[in-house]
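Source file: start_28.cif; contents: mmCIF, C-alpha atoms.
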```cif
data_query
#
loop_
_atom_site.label_atom_id
_atom_site.label_comp_id
_atom_site.auth_asym_id
_atom_site.auth_seq_id
_atom_site.Cartn_x
_atom_site.Cartn_y
_atom_site.Cartn_z
CA MET A 1 -18.48 8.92 9.05
CA SER A 2 -20.90 7.37 6.57
CA ALA A 3 -21.61 3.64 6.64
CA ASP A 4 -20.23 3.07 3.15
CA THR A 5 -16.65 3.99 3.97
CA VAL A 6 -14.23 1.13 4.19
CA GLN A 7 -13.41 1.36 7.87
CA GLU A 8 -13.17 3.76 10.77
CA VAL A 9 -9.86 5.33 9.86
CA GLU A 10 -7.82 8.00 11.54
CA PRO A 11 -8.01 11.55 10.15
CA ALA A 12 -4.41 11.05 9.01
CA VAL A 13 -5.54 8.19 6.73
CA PRO A 14 -7.87 9.58 4.03
CA PRO A 15 -10.62 6.97 3.52
CA PRO A 16 -11.66 5.66 0.10
CA GLU A 17 -14.92 7.02 -1.29
CA SER A 18 -16.74 3.76 -0.60
CA ASP A 19 -16.36 0.01 -0.35
CA ASP A 20 -17.26 -0.22 -4.04
CA MET A 21 -14.44 2.00 -5.30
CA ALA A 22 -12.60 0.05 -8.01
CA ILE A 23 -8.87 -0.56 -7.52
CA TRP A 24 -6.27 -2.20 -9.76
CA ARG A 25 -2.95 -3.95 -9.23
CA TYR A 26 -0.72 -4.21 -12.32
CA ILE A 27 1.89 -6.98 -12.17
CA ASP A 28 3.98 -9.19 -14.41
CA PHE A 29 2.94 -12.78 -15.02
CA PRO A 30 5.43 -14.45 -12.65
CA LYS A 31 4.16 -12.27 -9.77
CA PHE A 32 0.60 -13.20 -10.70
CA VAL A 33 1.46 -16.91 -10.49
CA ALA A 34 3.23 -16.29 -7.16
CA LEU A 35 0.05 -14.61 -5.85
CA LEU A 36 -2.03 -17.64 -6.82
CA GLU A 37 0.48 -20.13 -5.44
CA SER A 38 1.12 -18.38 -2.12
CA ARG A 39 -2.42 -17.04 -1.71
CA SER A 40 -0.71 -13.99 -0.27
CA LEU A 41 -0.17 -10.34 -1.16
CA PHE A 42 3.38 -9.09 -0.93
CA PHE A 43 3.77 -6.07 1.34
CA THR A 44 6.97 -4.17 0.50
CA ARG A 45 9.00 -2.45 3.20
CA ILE A 46 8.27 1.25 2.71
CA ALA A 47 11.96 2.11 2.81
CA ARG A 48 12.46 -0.22 -0.20
CA LEU A 49 9.92 1.43 -2.52
CA GLY A 50 12.50 3.52 -4.35
CA ASP A 51 11.14 6.98 -3.58
CA THR A 52 13.39 8.44 -0.88
CA PHE A 53 10.55 10.76 0.18
CA GLU A 54 8.30 7.82 1.11
CA GLY A 55 7.45 8.11 4.79
CA SER A 56 8.96 11.58 5.10
CA PHE A 57 7.54 14.93 6.20
CA PRO A 58 7.86 18.48 4.87
CA SER A 59 10.99 20.13 6.28
CA SER A 60 8.86 22.46 8.42
CA GLN A 61 7.61 19.50 10.48
CA THR A 62 10.45 18.71 12.85
CA PRO A 63 10.41 15.60 15.09
CA LEU A 64 9.72 17.84 18.10
CA SER A 65 6.75 19.57 16.43
CA ARG A 66 5.31 16.17 15.44
CA LEU A 67 5.57 14.80 18.98
CA VAL A 68 3.94 17.92 20.37
CA GLU A 69 1.09 17.56 17.86
CA LEU A 70 0.67 13.87 18.71
CA SER A 71 0.51 14.65 22.43
CA GLY A 72 -2.26 17.20 21.96
CA VAL A 73 -0.58 19.46 24.53
CA THR A 74 0.65 22.95 23.64
CA PRO A 75 3.77 23.78 25.66
CA PRO A 76 4.40 27.33 26.94
CA ALA A 77 6.10 29.61 24.42
CA ASN A 78 9.31 29.79 26.48
CA ALA A 79 9.47 26.06 27.28
CA GLN A 80 12.80 24.31 26.77
CA ILE A 81 12.08 20.80 25.48
CA GLU A 82 14.65 18.09 24.96
CA LEU A 83 13.76 14.82 23.28
CA GLY A 84 14.68 11.66 25.14
CA PRO A 85 17.01 9.05 23.62
CA GLY A 86 15.55 7.44 20.50
CA LEU A 87 12.52 9.72 20.18
CA GLU A 88 13.86 11.44 17.06
CA GLN A 89 14.33 8.00 15.48
CA ILE A 90 10.70 6.86 15.84
CA TRP A 91 9.71 7.82 12.29
CA HIS A 92 12.89 6.33 10.81
CA VAL A 93 12.21 3.02 12.53
CA LEU A 94 8.58 2.99 11.40
CA ARG A 95 9.64 3.72 7.81
CA GLU A 96 12.17 0.87 7.86
CA TRP A 97 9.88 -1.79 9.28
CA SER A 98 6.38 -0.91 8.06
CA SER A 99 5.20 -2.42 4.79
CA VAL A 100 2.69 -1.53 2.12
CA CYS A 101 0.62 -3.01 -0.70
CA CYS A 102 -0.22 -0.42 -3.37
CA TRP A 103 -3.24 -0.25 -5.70
CA HIS A 104 -4.40 2.18 -8.41
CA ALA A 105 -7.87 3.63 -7.83
CA SER A 106 -9.85 4.02 -11.04
CA PRO A 107 -13.11 2.77 -12.57
CA HIS A 108 -11.23 1.76 -15.73
CA GLU A 109 -7.86 0.55 -17.00
CA SER A 110 -4.95 2.97 -17.12
CA VAL A 111 -2.49 3.09 -20.02
CA ALA A 112 0.05 4.77 -17.74
CA MET A 113 -0.19 2.03 -15.11
CA TRP A 114 0.21 -0.70 -17.74
CA TYR A 115 3.42 0.92 -18.97
CA ILE A 116 4.87 1.81 -15.57
CA TYR A 117 4.12 -1.32 -13.57
CA ALA A 118 3.44 -4.02 -16.14
CA SER A 119 5.34 -3.02 -19.25
CA SER A 120 6.34 -6.52 -20.39
CA ASN A 121 4.24 -8.54 -22.82
CA ALA A 122 3.52 -10.91 -19.93
CA ALA A 123 1.44 -8.53 -17.81
CA VAL A 124 -1.73 -8.94 -15.78
CA ALA A 125 -4.04 -6.48 -14.04
CA ILE A 126 -6.18 -7.54 -11.09
CA ARG A 127 -9.35 -5.55 -10.48
CA SER A 128 -10.76 -5.48 -6.98
CA SER A 129 -12.44 -2.89 -4.76
CA ALA A 130 -11.57 -1.12 -1.53
CA GLY A 131 -14.08 -3.21 0.38
CA ARG A 132 -12.94 -6.48 -1.18
CA LEU A 133 -9.34 -5.73 -0.24
CA ARG A 134 -10.30 -5.02 3.37
CA ARG A 135 -12.40 -8.19 3.66
CA ALA A 136 -9.82 -10.35 1.88
CA LEU A 137 -7.07 -9.24 4.27
CA GLY A 138 -9.18 -9.74 7.38
CA GLU A 139 -7.36 -9.35 10.68
CA ARG A 140 -3.71 -8.37 10.66
CA PRO A 141 -1.13 -11.16 11.17
CA ARG A 142 -0.09 -11.84 14.74
CA PHE A 143 2.88 -9.88 16.02
CA GLN A 144 6.16 -11.72 16.10
CA ASP A 145 7.91 -11.97 19.46
CA GLY A 146 9.72 -8.72 20.23
CA PHE A 147 7.50 -6.62 17.97
CA GLY A 148 4.70 -4.10 18.37
CA GLY A 149 2.70 -1.97 15.97
CA ALA A 150 -0.78 -1.04 14.79
CA ASP A 151 -3.51 -3.50 15.70
CA ASP A 152 -5.02 -3.58 12.21
CA PHE A 153 -4.32 -2.68 8.58
CA ARG A 154 -4.42 1.02 7.70
CA ILE A 155 -6.25 1.24 4.37
CA GLY A 156 -6.70 4.62 2.71
CA MET A 157 -5.99 7.00 -0.14
CA VAL A 158 -2.65 8.71 -0.58
CA LYS A 159 -2.89 12.50 -0.45
CA TYR A 160 -0.56 14.34 -2.81
CA ILE A 161 0.81 17.55 -1.35
CA ASP A 162 3.27 20.35 -2.02
CA PHE A 163 6.08 19.60 0.44
CA GLU A 164 7.15 23.25 0.32
CA LYS A 165 3.77 24.69 1.32
CA GLU A 166 1.60 21.98 2.88
CA ARG A 167 1.88 19.66 5.84
CA ILE A 168 0.96 16.09 6.78
CA PRO A 169 -1.51 15.83 9.69
CA VAL A 170 0.09 14.02 12.62
CA SER A 171 -2.83 12.52 14.48
CA SER A 172 -1.27 9.05 14.34
CA PHE A 173 1.94 7.28 13.38
CA ALA A 174 0.25 6.13 10.15
CA ALA A 175 0.22 9.70 8.85
CA GLN A 176 3.67 9.61 7.28
CA PHE A 177 2.65 6.81 4.92
CA PHE A 178 -0.31 8.59 3.32
CA GLY A 179 1.33 11.77 2.06
CA LYS A 180 3.35 11.95 -1.16
CA ARG A 181 4.66 14.66 -3.47
CA LYS A 182 2.32 16.05 -6.12
CA SER A 183 4.54 14.67 -8.88
CA PHE A 184 3.04 11.25 -8.09
CA GLU A 185 -0.59 12.30 -8.50
CA HIS A 186 -0.96 10.14 -11.61
CA GLU A 187 -0.77 7.06 -9.36
CA ARG A 188 -4.16 7.73 -7.67
CA GLU A 189 -3.00 5.33 -5.03
CA LEU A 190 -4.94 3.41 -2.44
CA ARG A 191 -2.63 1.55 -0.10
CA ALA A 192 -2.86 -0.96 2.70
CA VAL A 193 -0.19 -0.39 5.33
CA LEU A 194 0.98 -2.82 7.98
CA ILE A 195 2.79 -1.03 10.81
CA ASP A 196 5.31 -3.13 12.73
CA PHE A 197 8.40 -2.19 14.70
CA PRO A 198 10.84 -3.95 17.04
CA ILE A 199 10.59 -3.25 20.75
CA THR A 200 13.00 -3.58 23.63
CA PRO A 201 12.24 -5.75 26.69
CA ASP A 202 11.04 -2.61 28.50
CA ALA A 203 8.56 -1.89 25.65
CA HIS A 204 10.40 0.97 23.89
CA ILE A 205 10.97 1.15 20.14
CA ASP A 206 14.27 -0.55 19.32
CA ALA A 207 16.20 1.61 16.81
CA SER A 208 19.21 -0.73 16.84
CA ARG A 209 17.50 -3.44 14.77
CA HIS A 210 17.04 -3.30 11.00
CA PRO A 211 15.08 -5.56 8.64
CA GLU A 212 17.06 -7.91 6.43
CA ASP A 213 14.25 -8.58 3.95
CA SER A 214 12.41 -6.41 1.41
CA GLY A 215 8.95 -7.19 2.71
CA ARG A 216 6.57 -9.91 3.79
CA GLU A 217 3.80 -12.08 2.39
CA VAL A 218 0.40 -11.52 3.97
CA PRO A 219 -2.27 -14.25 3.55
CA VAL A 220 -5.33 -13.16 1.63
CA ASP A 221 -8.66 -14.69 0.56
CA LEU A 222 -8.23 -14.72 -3.22
CA ALA A 223 -11.89 -15.48 -3.99
CA THR A 224 -12.88 -12.35 -2.08
CA LEU A 225 -10.06 -10.18 -3.39
CA VAL A 226 -10.12 -10.85 -7.13
CA GLU A 227 -13.11 -9.47 -8.99
CA GLU A 228 -11.58 -9.58 -12.48
CA VAL A 229 -8.33 -10.55 -14.19
CA VAL A 230 -7.22 -8.65 -17.30
CA ILE A 231 -4.44 -9.72 -19.66
CA GLY A 232 -2.19 -7.03 -21.16
CA ALA A 233 -2.83 -5.95 -24.73
CA GLN A 234 0.67 -7.03 -25.85
CA ALA A 235 0.41 -10.57 -24.48
CA PRO A 236 0.74 -13.54 -26.87
CA THR A 237 -2.58 -15.16 -27.85
CA TRP A 238 -1.89 -18.25 -25.71
CA TYR A 239 -1.69 -16.20 -22.49
CA LEU A 240 -5.44 -15.85 -22.12
CA PRO A 241 -6.30 -19.59 -22.18
CA LEU A 242 -3.29 -20.31 -19.96
CA THR A 243 -4.45 -17.73 -17.44
CA ASN A 244 -7.95 -19.21 -17.36
CA LYS A 245 -6.50 -22.68 -16.75
CA LEU A 246 -4.50 -21.29 -13.84
CA LEU A 247 -7.55 -19.57 -12.38
CA ARG A 248 -9.49 -22.84 -12.44
CA ARG A 249 -6.54 -24.80 -11.02
CA TYR A 250 -6.39 -22.45 -8.03
CA GLY A 251 -10.13 -22.55 -7.47
CA LEU A 252 -11.12 -19.12 -8.79
CA GLN A 253 -14.40 -19.18 -10.71
CA LEU A 254 -13.44 -16.37 -13.08
CA GLU A 255 -12.83 -15.91 -16.78
CA ALA A 256 -9.95 -13.58 -17.58
CA ARG A 257 -10.35 -11.14 -20.46
CA LEU A 258 -8.01 -9.29 -22.79
CA SER A 259 -7.34 -5.63 -22.09
CA GLN A 260 -9.63 -3.15 -23.78
CA LEU A 261 -6.48 -1.51 -25.10
CA ALA A 262 -6.20 -4.44 -27.53
CA ALA A 263 -9.38 -3.35 -29.34
CA SER A 264 -9.07 -2.37 -33.01
CA PRO A 265 -9.87 1.24 -33.92
CA ASN A 266 -12.67 2.08 -36.36
CA TYR A 267 -11.39 4.73 -38.77
#
```

Give the structure from this file in C-alpha cells form.
Amino acid sequence: MSADTVQEVEPAVPPPESDDMAIWRYIDFPKFVALLESRSLFFTRIARLGDTFEGSFPSSQTPLSRLVELSGVTPPANAQIELGPGLEQIWHVLREWSSVCCWHASPHESVAMWYIYASSNAAVAIRSSAGRLRRALGERPRFQDGFGGADDFRIGMVKYIDFEKERIPVSSFAAQFFGKRKSFEHERELRAVLIDFPITPDAHIDASRHPEDSGREVPVDLATLVEEVVIGAQAPTWYLPLTNKLLRRYGLQLEARLSQLAASPNY
C-alpha cells in the first residue's frame, strides 16, 4: 500500500485515493453551531440512517457463508454445519450499535449535495480532506464498560454495487458498512465508522441489548478538521459576517466564503 493512503485499512474498506482527497459535509446552520460548540462530530447509528439496506448483504451471502469466509477455512462439501446461538445475529447487532459520519468526496461543491443535505437557506458546507479527518479524530474513544469493538476508526470509500449480481468482501466485520446499492452512487461517500457492540460477561456479543439513542458525539480537533467553510448560495447577506464572527469566537482562523453557486452568469 502506498504511503499516501490514509491508513492501513482492511481489503473490505476501500481506502481513499490519498490524504489530500477533498471531502465535504453539508449541514444546516444549527448543526454547524452545534459542531463548533461541542467540538465534536456526530456519528449516527447506522440503523438510523434511513436506508434499510445500510449494513446489509446481497441475498446470496448467507450468515453461514460469511462466517466461513471470515474463518478462512473451507469445509468439506458434505459437511453439516449448525450455527451456535447468537451467531446469526452478529451482523444485526453490529448494524444497530455501530455509528458513522458521512462525507462527500469531490474536489468542488456539489449542487446535488446542497439540495439533498442542506436545502434550507441557512446551510453550510465544511471542506476538509481524508487525511485531515483522520488526524482530527485521532484515537477512537475508550470503550464503555460492557462493550467491545474495533480498536480504531474505519475510514474509507463506499463501494456501490449491484446487490443482485455482486458481493461484499467479508474479510472483516467492517465490510457490511462500506457497500451500498448503485442507486446511491451520486453520494460519492467517504465515511468514518466506529464499531461498538455490547458484550456479555463471558465476552460474547450480547444480542439482547439495544441502543436507546440515535448516535454519539465524538470529540474532534476542529482546527485540524476544517479547511474551509462555505455559506449556501441562498443564505441571507448577514449570514456570512455572522459565520466569520462565530469562527473567530471558537478560535478558528478562517474566513468563510459564499458558495460559488451564488455567482452571477455572464450572458

Residues in the PyMOL selection byres ((chain A and resi 25) around 6), expressed as a PyMOL selection string: chain A and resi 24+26+103+125-126

Two-atom distance - atom CA of Ala175 of chain A, atom CA of Gly55 of chain A (Å): 8.4 Å

For Asp213 of chain A, which of A:Glu37, A:Asp20, A:Glu96, A:Glu187 is the closest residue, counting all atoms listed in the file?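 Checking each candidate against Asp213 of chain A, we get A:Glu96 as the closest.
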
Contacts of segment 243-257 of chain A within 8 Å, all atoms listed in the file, excl. fewer than 5 positions in-chain, as a list in words: Leu36, Glu37, Leu222, Ala223, Glu228, Val229, Val230 and Ile231 of chain A

Deliver the residues from the most recent selection as a file, using C-alpha atoms, as a compact mmCIF listing (two decimals), in the coordinates of the input.
```
# COMPACT_ATOMS: atom_id res chain seq x y z
CA LEU A 36 -2.03 -17.64 -6.82
CA GLU A 37 0.48 -20.13 -5.44
CA LEU A 222 -8.23 -14.72 -3.22
CA ALA A 223 -11.89 -15.48 -3.99
CA GLU A 228 -11.58 -9.58 -12.48
CA VAL A 229 -8.33 -10.55 -14.19
CA VAL A 230 -7.22 -8.65 -17.30
CA ILE A 231 -4.44 -9.72 -19.66
```

Name the residues, using the chain letters and numbers of the file, that sit within 9 Å of (14.0, 1.4, 9.4) when counting only C-alpha atoms, and give them as a list in words.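 The requested residues, written out, are Arg45, Ile46, Ala47, Gln89, Trp91, His92, Val93, Leu94, Arg95, Glu96, Trp97, Ser98, Phe197, Ala207, Arg209, His210 and Pro211 of chain A.
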
Kindly resolve the PyMOL selection byres ((chain A and resi 59) around 12) on the present coordinates and return the residues as a PyMOL selection string. chain A and resi 53+56-58+60-63+65-66+162-168

What is the atom CA of Gln144 of chain A-atom CA of Leu41 of chain A distance in Å, reported with one decimal?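 For atom CA of Gln144 of chain A relative to atom CA of Leu41 of chain A, the distance reads 18.4 Å.
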
What does the distance between atom CA of Asn121 of chain A and atom CA of Trp238 of chain A come to in Å, to one decimal place? 11.8 Å

Given all atoms listed in the file as the counted atoms, nearest of A:Arg127, A:Arg191, A:Arg39, A:Lys159 to Glu109 of chain A: A:Arg127

For the structure shown, which residues end up in the PyMOL selection byres ((chain A and resi 133) around 10)? Put them as JSON, numbers by chain, please? {"A": [6, 19, 23, 103, 128, 129, 130, 131, 132, 134, 135, 136, 137, 138, 155, 191, 192, 220, 221, 222, 224, 225, 226]}
